[in-house]
Every structure is written in structure tokens, then in C-alpha cells.
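Worksheet: one structure, shown below.
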Amino acid sequence: MDILKHTSEQNWQKEIAQFIKSKEIKQRSGEGVDELEDCDSFGEINFIGFGHGSKSAPYIRVDKNTNAEILWDLLINYWHMPRPKVLISVTGGAQDFFFKDRLKNLFNKGLYKAAVSTGGWIVTGGTGVGVMKKVGEAIKEESKGTTNDSHRHVVALGIATWGIISNNTVMEKSSKNGDLHEGFWPAEYVEKELKLSGKQTSLDSNHTHFILVDHGKVDYGADIGLRANLEQFINTKQTKEGKEKSAIPVVLVVVQGGVGTIETVYKSLIPPQDNSSGDSKVESIPVVIVEGSGKAADAIAEALRKTKQVDSTGIRDILEGMDIIRDVVDPKRINQTKFQECLGWFEQMMSSPYREMITVFRMQEENFKDIDRAILHGLLQAKSLTDNVRTQLNLALNWNRCDIAREEIITAERRTKWQEASLEGNMMTALIDNRPDFVELFLQHVIHLDKFLTIERLNSLYQKVIYSKQSIDGRTSTIDILRTRLESYQLKGITRGDECRFLLRRVGKVIQELTFHEYDRYYKEEKYVLKESVPMTTSANCKDDEFECPDQHLFLWAVLLNRREMAKIFWQRLTIGNIGSALFAGRILKALSRHAEIEEELTLYYDLTNHADEFEDLAIGVMDNCYEDDKKMSKLALVRKLTDWGGTTCFSIAYAAEQMKFIEHDCCQTKLQRVWKGNVQIHSYKQWIAYVFAAIFPFIIPFMTFLTKDYQVEYQEEENKESKKVETYKELSRWDKLKNVLRWKSNYKPGKGSEIRRVGGRPDDVTLWEGMGYYYKAPMSKFFFNIFLYVVLLFLFSWFILTDLRPASEENSPSVVEWIVIAWVATLIIEEFRQIHSKDPKSAFYRVLSWASDAWNIFDFLMFLFFIISIILRFTLSTEKFYRARIFYCVTLMLFYFRLLHMGFVQKDIGPKIIMIFKMLKDLMYFLVILIIFILSFGIASEAILYPNMEPDIRVFFKSIYKPYWQLYGELFLEEIEGLTDNATCYEDPRYVERCPETEQYPWVAPVLTAIYMLISNILLINLLIAMFSFTFQKVQEKSETIWRFYRYELINEYYDRPALAPPLIIFNHMYRFCKWSYMKYELKSELNKEKQEQKKADVIKKHETKMSHCLRVRLDDRLEDYLNGFEKKHMENYFIKKNQEYAKSWESTVTSSGDRIDKMSNDMEEMRELIGVSGKQETTQVKPPTGEQRQSIHSTTPNDEMATQIGQLTTKVSQMENKMDEMVNQNGQLTTKVAQIENKMDKILEMLEKSLSLKTESEC
């Protein structure tokens, strides 16, 4: 590999030499000589001794009149520099100068960020002094703080004058081979060999490439003309090849400087038209002035300020009276002609339209807090970009400055420009690069998603992010999870090259897997397969039938990629139910977090979990607002089938994702309480008594009250108008439906509530059969009947085990009671199969997995398994071995009794205790792992001491742990351990029938080991177990009501779905349902037309799922569903409005504003310190003569005395401000402490209010 690398480098060097020869690049033949010769000073500079390891940079020495196009060809095609998207030219002082610390930090970070974010070049003079040195230091310092390789390699091109470079002779002596100069590879540029005297200076080692301009003199200035020509030439090049072509923008950044800098600024703004590039017209280059850096930069900034409101005829007079210009362009140091020429440059620059192309960066100005923002603002002033909205937006996207795009690009004044431009490409870039602010801006003003989102674009969004070499914002693990899951769904018969065509189908399978196959798969239709694997174009046209709700698909895309802000933007735009959408997102994120936990990516796991909790909080916030406005509509939103989310409900999504806080919400609990009671009205003790006795005496049912028509919608429109609009309404788009529904809201009137009815003969009364149906179909009635009959089953089971369990060979065995129990349990097993079949997942495998995800179902499986084994043993074992069947029967009965605990979940006080028991059982399992180690260690050791050389038998291990286990409960076996038994008593005692303990040789060892074991086990380990139980109890107790409410939903849901009759009578319900299912299948098969068959099936399902009172799954008509969507969306917007208002009034906002004021005061103090430091330096060195303005205010005091007085006053002010700042910091700390105390008190108050409200709600219910 080294040989190949060396060969390739040699070929590269020869290619450069051949290019220089073919293009006839020239250099001066010597100092003070105008003759030209072929260039032989090129190659690589190897910097040695410049404070870091050996670093190389390509260089070339050229004549000042070299064509810019040739240099561009060399840079791009031979030096292989990346094609710039932006050119940042930095000019200024060529000597070291004082740079304020704050300004220096802002300059370093802003310049580096501007170059990195845009992939631009930084162009300077390339030497190790002045502003060039500052730029090199900025690149060096800022690149240390990044680990991204692409960010570390910033292109810094130095264009310096050859004659002023110290020790430049090491770069000009190259060997020759015939007529071809081979260059110098490398030219060792050693820091110790430099002779820095006079105008001689060194190259800056932090620059990456060098062009050394030769004009035959040892003086500055040779690089100015060539650099200007090269920058102008680059300004005419294209940033992209293909359709979207735009010129490479160039911006000039001015830091300090002198007369030469003023000339550079002038030529950038007003370039000569006869330049070497050969263009008919040369564009002006925008300029950014860094005010505060001194000299020329401050002079230009001051001139702009003073001539802002001045007519062009009066500019000259103002400029001549400005002392700061005279300080930079001193007439005493330059001739008067040059001075007047400089004033002429200033005059032209200050006149319109050139002054509009100058941007001044001031640290104190709010508009430009960061220098990179000022650079971007300056770039947008370039004439080549003013009419190209797409290129301007690309720059803003690369900079990630949405504020610039909002204030200067997407504005009302430029509406015609950005409306005419096709900005789909910018939208794709914002989505892929995760720029949520830009996405929101585009959606507000530019992009219509109905026209933007196509199948090709959606496919491209997944492809470009998931299969990118580098993930966005460090989400590598999230993308890795998706990539792994996608690769597990390789479609059969699909080649590697065609995978992208089927990407959406595979994404749909991943979503289905993450949601446990409970919903129909997304993107399963044929239209989601791309016709051919071609790159997506921005000119793709959206078809009307591609996406009914494009926001939903981009929302899913953002959720799968764990992009928080992006997902929230599309969630706020959804019109398909914001509550259900937030819960669905939380479920997907929790499923992804489980994959991250399996991969042990704990950081990603917590990030995904927090993201899921955020969406759960959003759903709760919207539900709060909905519940305050309309309780009945809010309850309906919980149980309606979300057609856009697979036909599921908010309840089922929240339970599957274990979103306990949402199910704990008052709206959810009141709805569950209503479902639990069914149509039976129970609000008083009398009604409770009637309800209980009705189970024993059914004739009481006619005297009970029932609730009917729990939710009634009345349409106040005329029937003839409504019938004409039904078909057209179905054809409307989603947004049109929403608008129509909002208009329809004024004509909508909810029903008067649940109408109370009794059994009677009046038209509005409930019939006897309806009343009995309401009573027996209520989940609460089903539950109590199931408990009653289950207790009867346990009684019969216990009875035959205790009294009549004999082998099958005997007469009248099994008994009648046992046969009844067997048949009874068989109906329970059939009910378990029905529950598996009724699960939400579409496939049988995932239905079983969903059923097994509940621990109680696993318990039922073990219970029924033991029962089946008991029956098999009961009929197969002989009389001698029948005890085994009896044992299995007894263990099975224990499990049946334990099953009663599940029914305790319905009770508020018992439910949390059962949860604590199961949590403590987990702790006990972990404790047993620790305990078994001590039991084995001490048990085997003591057993080997007491009974050495036992007979080889596997039972010796069980005997070894026998004594240490029972010693935990107080049975110490001291007589045996201490050797207090003799042979007579030993053999008389049945415990020692095999042999007696041997304690003669070492009687003290076994007691000591026992004492140590008892100390560890009974004191240390038992207290550890108690502490674990206490911690678990406290943890569950804090959330006991939340956990109980969550598990209560599953119990209510189970008994809501159960048939009305309890086992064993439930077999009649199963037979009825089977017959009904068989008849429906027969009817569907009789229909030969497949379309009619599917329609008939849909009608049957729709009829079955028609909205009923107090049910957990409701299918609504289109109009009511759209109204609910609008209802949720309205309250989602109200939620964010209230949230923003609360934040504005909160303590956090106050503390934040206080922190901002402290930061501002700190900045002011730092600036004052800098002024004091500069004043002190000036006082100790030289006192400048006063300016014209200062002459008028001079009194009898000397300059030194006045300066000393000012310094004393400033020092006093600084000390006062420091004291104030310390006071504010202390106050801020006290405020923070008070805020924390208030928050704790508010939490306690809220808990008390919630408990009181829940008690009040239960009492009302």
C-alpha cells in the first residue's frame, strides 16, 4: 500500500509540473528584474517548528499578471481543492495590532462557523502577521474543539507577496529534468531559520494553500491586483453543475487595516471593468466591516454613520473634517495627491448604491450579535444573489440562519420573487438537513404540501437520511436501528440495486413491526413502488391521489428519525386527530427505545423515552383543554376509531405504549367509569342496593333506572339540502371538509346528555328485555357474576380434592363434581382462545404475542397447563403412583386461588397492594440469587466438616442446603452442630438415621461457621431484603393510583369484550357467536363478485361497529369525525397559546431575563476594562495630541492629569458595577431557590386538588 501511495504521489507531482509547463506560468527571474522566466518554485511547504507537528501545504510562485483562469484550474483540478460555495476574503492590517478579547472570540467563532457551515474558502494575505495571523489562529483554535473531520479541514488560501517572505530561497531551488521543472517536494520551511527584520515576514503555518505573487521587489502590494482578479473570476463561476446554476458569492471582511485596505474595499465595491478575467462586466463584492478592530475598519464604519442622512454633495465636507480618517490616511506620511485620492474613494463608497453593500458588525448591535450573521447579511447584498432567491435560501440553510431568511429573503416586499421561484429543492434540503425553523417558514409562506409531497420525494427523504454516510445531529444510533430493521425486510426477488424502489413498502413493514402488527401496514399498495430507480427531481408533480394527508406521512418520517422539533411542526399541522397522533408517535418512539435498550445504547434509549414522554404530555395538554370545553366530545374522542391510524382508539394506543399519565387523566377515568357501569344508573346508595339485589332477585330490574342515548347528534339542516350535499361532501379534500365542518358547527347541537329512562310501556320508556340486557351486559355485572361463579368453581374444586379424589380404576371415579369442574375449566380455556382471537394484531402470531405480553395471561397458561397435566395423570397413573396426580391437582388449585388476585384490580385500595406484591416478588428473585450463594457456601462447608466422606449421591447437595435454609427461620440444629448427641440418641433420632456428626477433632469450627452465617444471613441479608421491599413500597405508593388506573383499563376492557354469560354458561355465547360467524361466512361466499363481496363485508363490519352507548370503540360518520378533528385542532392551538402565556408569566422567564441583563452588564464591564487597559497603555507610552473636538474642551489641566482622572473615574464605576453584578447574582440565586420551593408547594397543592377532584368525580358517578 505504501508503494502504491508513493507512486500516486509521484504521478500527482508530475501532473502539476506538466500543467505549469503547458500553461507557461511565469515568475520574475530575480529581485528588481522585470524579466520573466518559467515557474520553478512550486511544490509543498513542510512547516517545521511552528508549534505543531509537521504540516504540509501546496504552494506556487507566480507573476502578478498571471491569468486568474489558470490559477482556478490549478486550484480545482490539480491541487484538488473542494469547489467553494462561498468565498470569504479577509483583509486588513499587515502588522500586529490590539484585538479586544470579546471581539477576538466573536471573530474566531463566527469566521470558522461561516467557512465550515457553507463549505467556503477563506482567502487572506497568508503571512504570519496582522489580520492574516488572526485568521490562522482562529482556524487553529476553533478546529481543536471539533471531532468532525470535515469540520477540521477548512480551506484557508494565502495569497502573499513573494518578496516579503523570509527565507523564501528554500522554495525556489528545484532540480531540473530536461526542460521540465519538477518542483520542491517538500520545501522545508524551518521556524528557527527565519530572519524577521524590516519588511521580511513569515508564512502562517495554519493556512492550507499558498499563492506567492512575485513583482520583483521586497515590498508589499504585489498580491492585491492578482487577488482581486482571482476573487472576481471566482465570483463568476458556478456553485453547481446542472439546472440550478448560480455564481459563487464572494464577501470581503475588513479587520483594522490602512490605506491599502481602503483601496481594496474601494476596488471590491467599484471594480475596474478592464480586469484580466475578460468579462464585459465585473460584479461588485459586498463588504463586512468589523468595527472596533481599529484604523481603516473603524474609519469606514464612522464615515457610514456620519453620512447616513447627508446628501451626496455634502459628503466630501464631512469626510474632510473627520479626524479618524486623518489618523488612518495621515497627510504627513503620504503625499497630498494620495490623500485626496483616498478621500475620493471614501466619497464614492459613501454614496448610493455602494453604501448599501457595506455591512458593519458591531458587538453592541442587536441585529448582528454574531459575525457569521453579518457575513451572511453582506453576501445577500451581492448583485448576483439579489434576484436568485433559491441561492440566497441555500446560503441561509447552510448557515442555519432562519432569522436572516425571514427578515431579508421571505419578506412581503419580495413576495413576487419568492412566489415565482421554485423552492421545492430548498424544502427538501431543509427536511434532510433537519432545519425545523426553515421548514416552518416554508410551510407558512411558500410550500403547499399537497403539491409538494410526492411518492418519489417521500422515498427520497427516507433514502437520503437513512442511507447517508453521516446522520443528522448525531442521530447515528436511531438511523442504525431503522437501517437494521429495513435490512431484515428484504423482499424476495428484489436485487440490491432495486431496493430503493421498494423502500416505502419496507418502511411500512417496520412501522407495522414497531406497532406490534396491530394496524394495517402503510405503503402496501403498488403505487408506492417506484417505477424505476432514478434520482428524485425537484420538478416532480404531485398527483391528487398520492397522499390524502401529506402532513401525516412527514410526521411519521420525523418521528421515526427522532427529530423532535420537526415532528412537532407536522403534528401541529395535522387535521386527523392531534391526541391520537401524539399517542401514536409516543408508541413508535417507545418501541424504538426498546431496540436501543437491547443494543445497550442507553443515551439513545433515554433520549427516545423522553421524546415519547413529550408527545404524551402534548396529548394530555390538548385533552385538558378539550375536557374543559366539552366533556362529552372529549370522551367521544377517546373511544372513536382513528381511521387514519389503523382504526385503533386513543385508549388502545395509550395502553399498548404504557402511557400511564394519559390514562390517569380525569377524562379517561370518567369515561372508563361510565363504560364499567354500562347503561345502569348508579349514583346513590339506594341504587347500589337495588343493583346488588337485582342479581339475586331479577324482578327488581324493572324498578331500576337506565341511561340511554349517551351521545346524541342532531342535524338542524333540512333533509332535502342534506341529501343533495352528501355525495359532494365525500368528494371534498380534507381541508375543505374541515372548513365545511367549522361552518356546520353553528348548526350542531349536542344532545341533552344521557336520558334517564325506566322500564315501562310509554314510547320513551325502556322495555323489560332492554332493561335486562342493559343490566346483564354491563361490564360491572359481568365482573360480579364471573367472581361469584368463579368462587363456586373454587368451592367445587376444593371439595372433590378434599373428599373424593380416587384413582380412575376405582368405582364411581371420577366423581360427578370432578366432571363438572373439568367441563367448567374447559369453558374457561375456550374463553382464553376467544381472547387471543379478538386481539388487535392482524396476524395470528402477533395475536399470541400480544396476548402473552400480559403477565396474567401467562399465569392462566401455566394454570391451565397444570390442570391438563393433572387430568392426564389422573386417568393414566396406577393406584401406587396416584399421589403424583393428587400433587398436581393441589398445585393447580393453588394457582386457581391465586387467580383471584387479578379481580382485585378493580378495587382502588386492593389494586395497588397487588401491584406491590408483584414488584416485591421481582425484588425477591434478585435477593434469592444473592442468598443462594451464601447458603451453598456455608451449607456445603459445614456439611463437609460434620459428615466427611459421604456416600456419592446427588442428594448430598440438597442435604447441604437443608440446614442453612431453615436456619433463616430459627431452626438452628445446635445439638447436631456442637456435637452434643451420642451414638444412642443419634441412631434413635430419625434425622440421623444414616450416620452421626463427627465433631471430636474440630468441635469449634462448625459453630463458628454457623455464627458467621447467621450474622450475615439473619442480620445483613434479611435487612437488605426489608430495605428493598421498603423502597419498592415507597416507589409504588407514590404512583399507586396512576398504576392502578392504568391496569384497571385492561380489566374493564376485558369484561367489556366478554360475553354476557359467565363460565360455564358462557359456552352458549360461544355457540351463538360461532353460528353467527358461520352464517356470515356463508353469505360472503355466496357472493361471486369480489367487489360486492368486499363491500358486503365492509357493511357487516360497519353495522357491527356502529356507535353505541358507553362503548370503548366507536366508528363515527365522516362529518362527525371531521368535526372531532377540528375540535381537537382548535384546542391544540389554545393549548400552545396558554402555554406561551404561562411561560411569559413564569419565574423561569423572569430568571432568564435577569440572566440576560447580567450577561449584558458583564459585557459592558469587560468593554470598560478593555478601554482602561488601552488608556493605560497609551498613558505609559505616548500621549497623542488632542483632536479638533477635544481642543475645545481642554482647560488648565494637562493631558496626563486628565487621563489619570478619567482612569480613576472609570475604575470607580467598574468596581460599583462589579458590586451590583454580585448583588444581582445573589438575588438570582435566591430567586432560583424560591422558585424551586414554590414549585414543590404547587406540586403538593396540585396533588391534593387532583385527589379531591377524583373523590368528587367518583361520588358524582
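We name chains A, B, ... following the order of the C-alpha cells; residues begin at 1 in each chain, and ligands are numbered from 1 as shown.
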
- Going by DSSP on the backbone, which bits of stretch 230-359 of chain A are alpha helix (DSSP H)? Write them as a ChimeraX atom specification, please. /A:230-235,259-269,295-306,315-320,323-328,336-350

- atom CA of A:Trp966 to atom CA of A:Leu921, straight-line distance in Å: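 Atom CA of A:Trp966 lies at a distance of 20.2 Å from atom CA of A:Leu921.
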
- Pick from A:Ser781, A:Gln659, A:Gln18, A:Asn857 nearest to A:Thr1042, counting only C-alpha atoms: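 Going through A:Ser781, A:Gln659, A:Gln18, A:Asn857 one by one, the smallest distance to A:Thr1042 is for A:Gln659.
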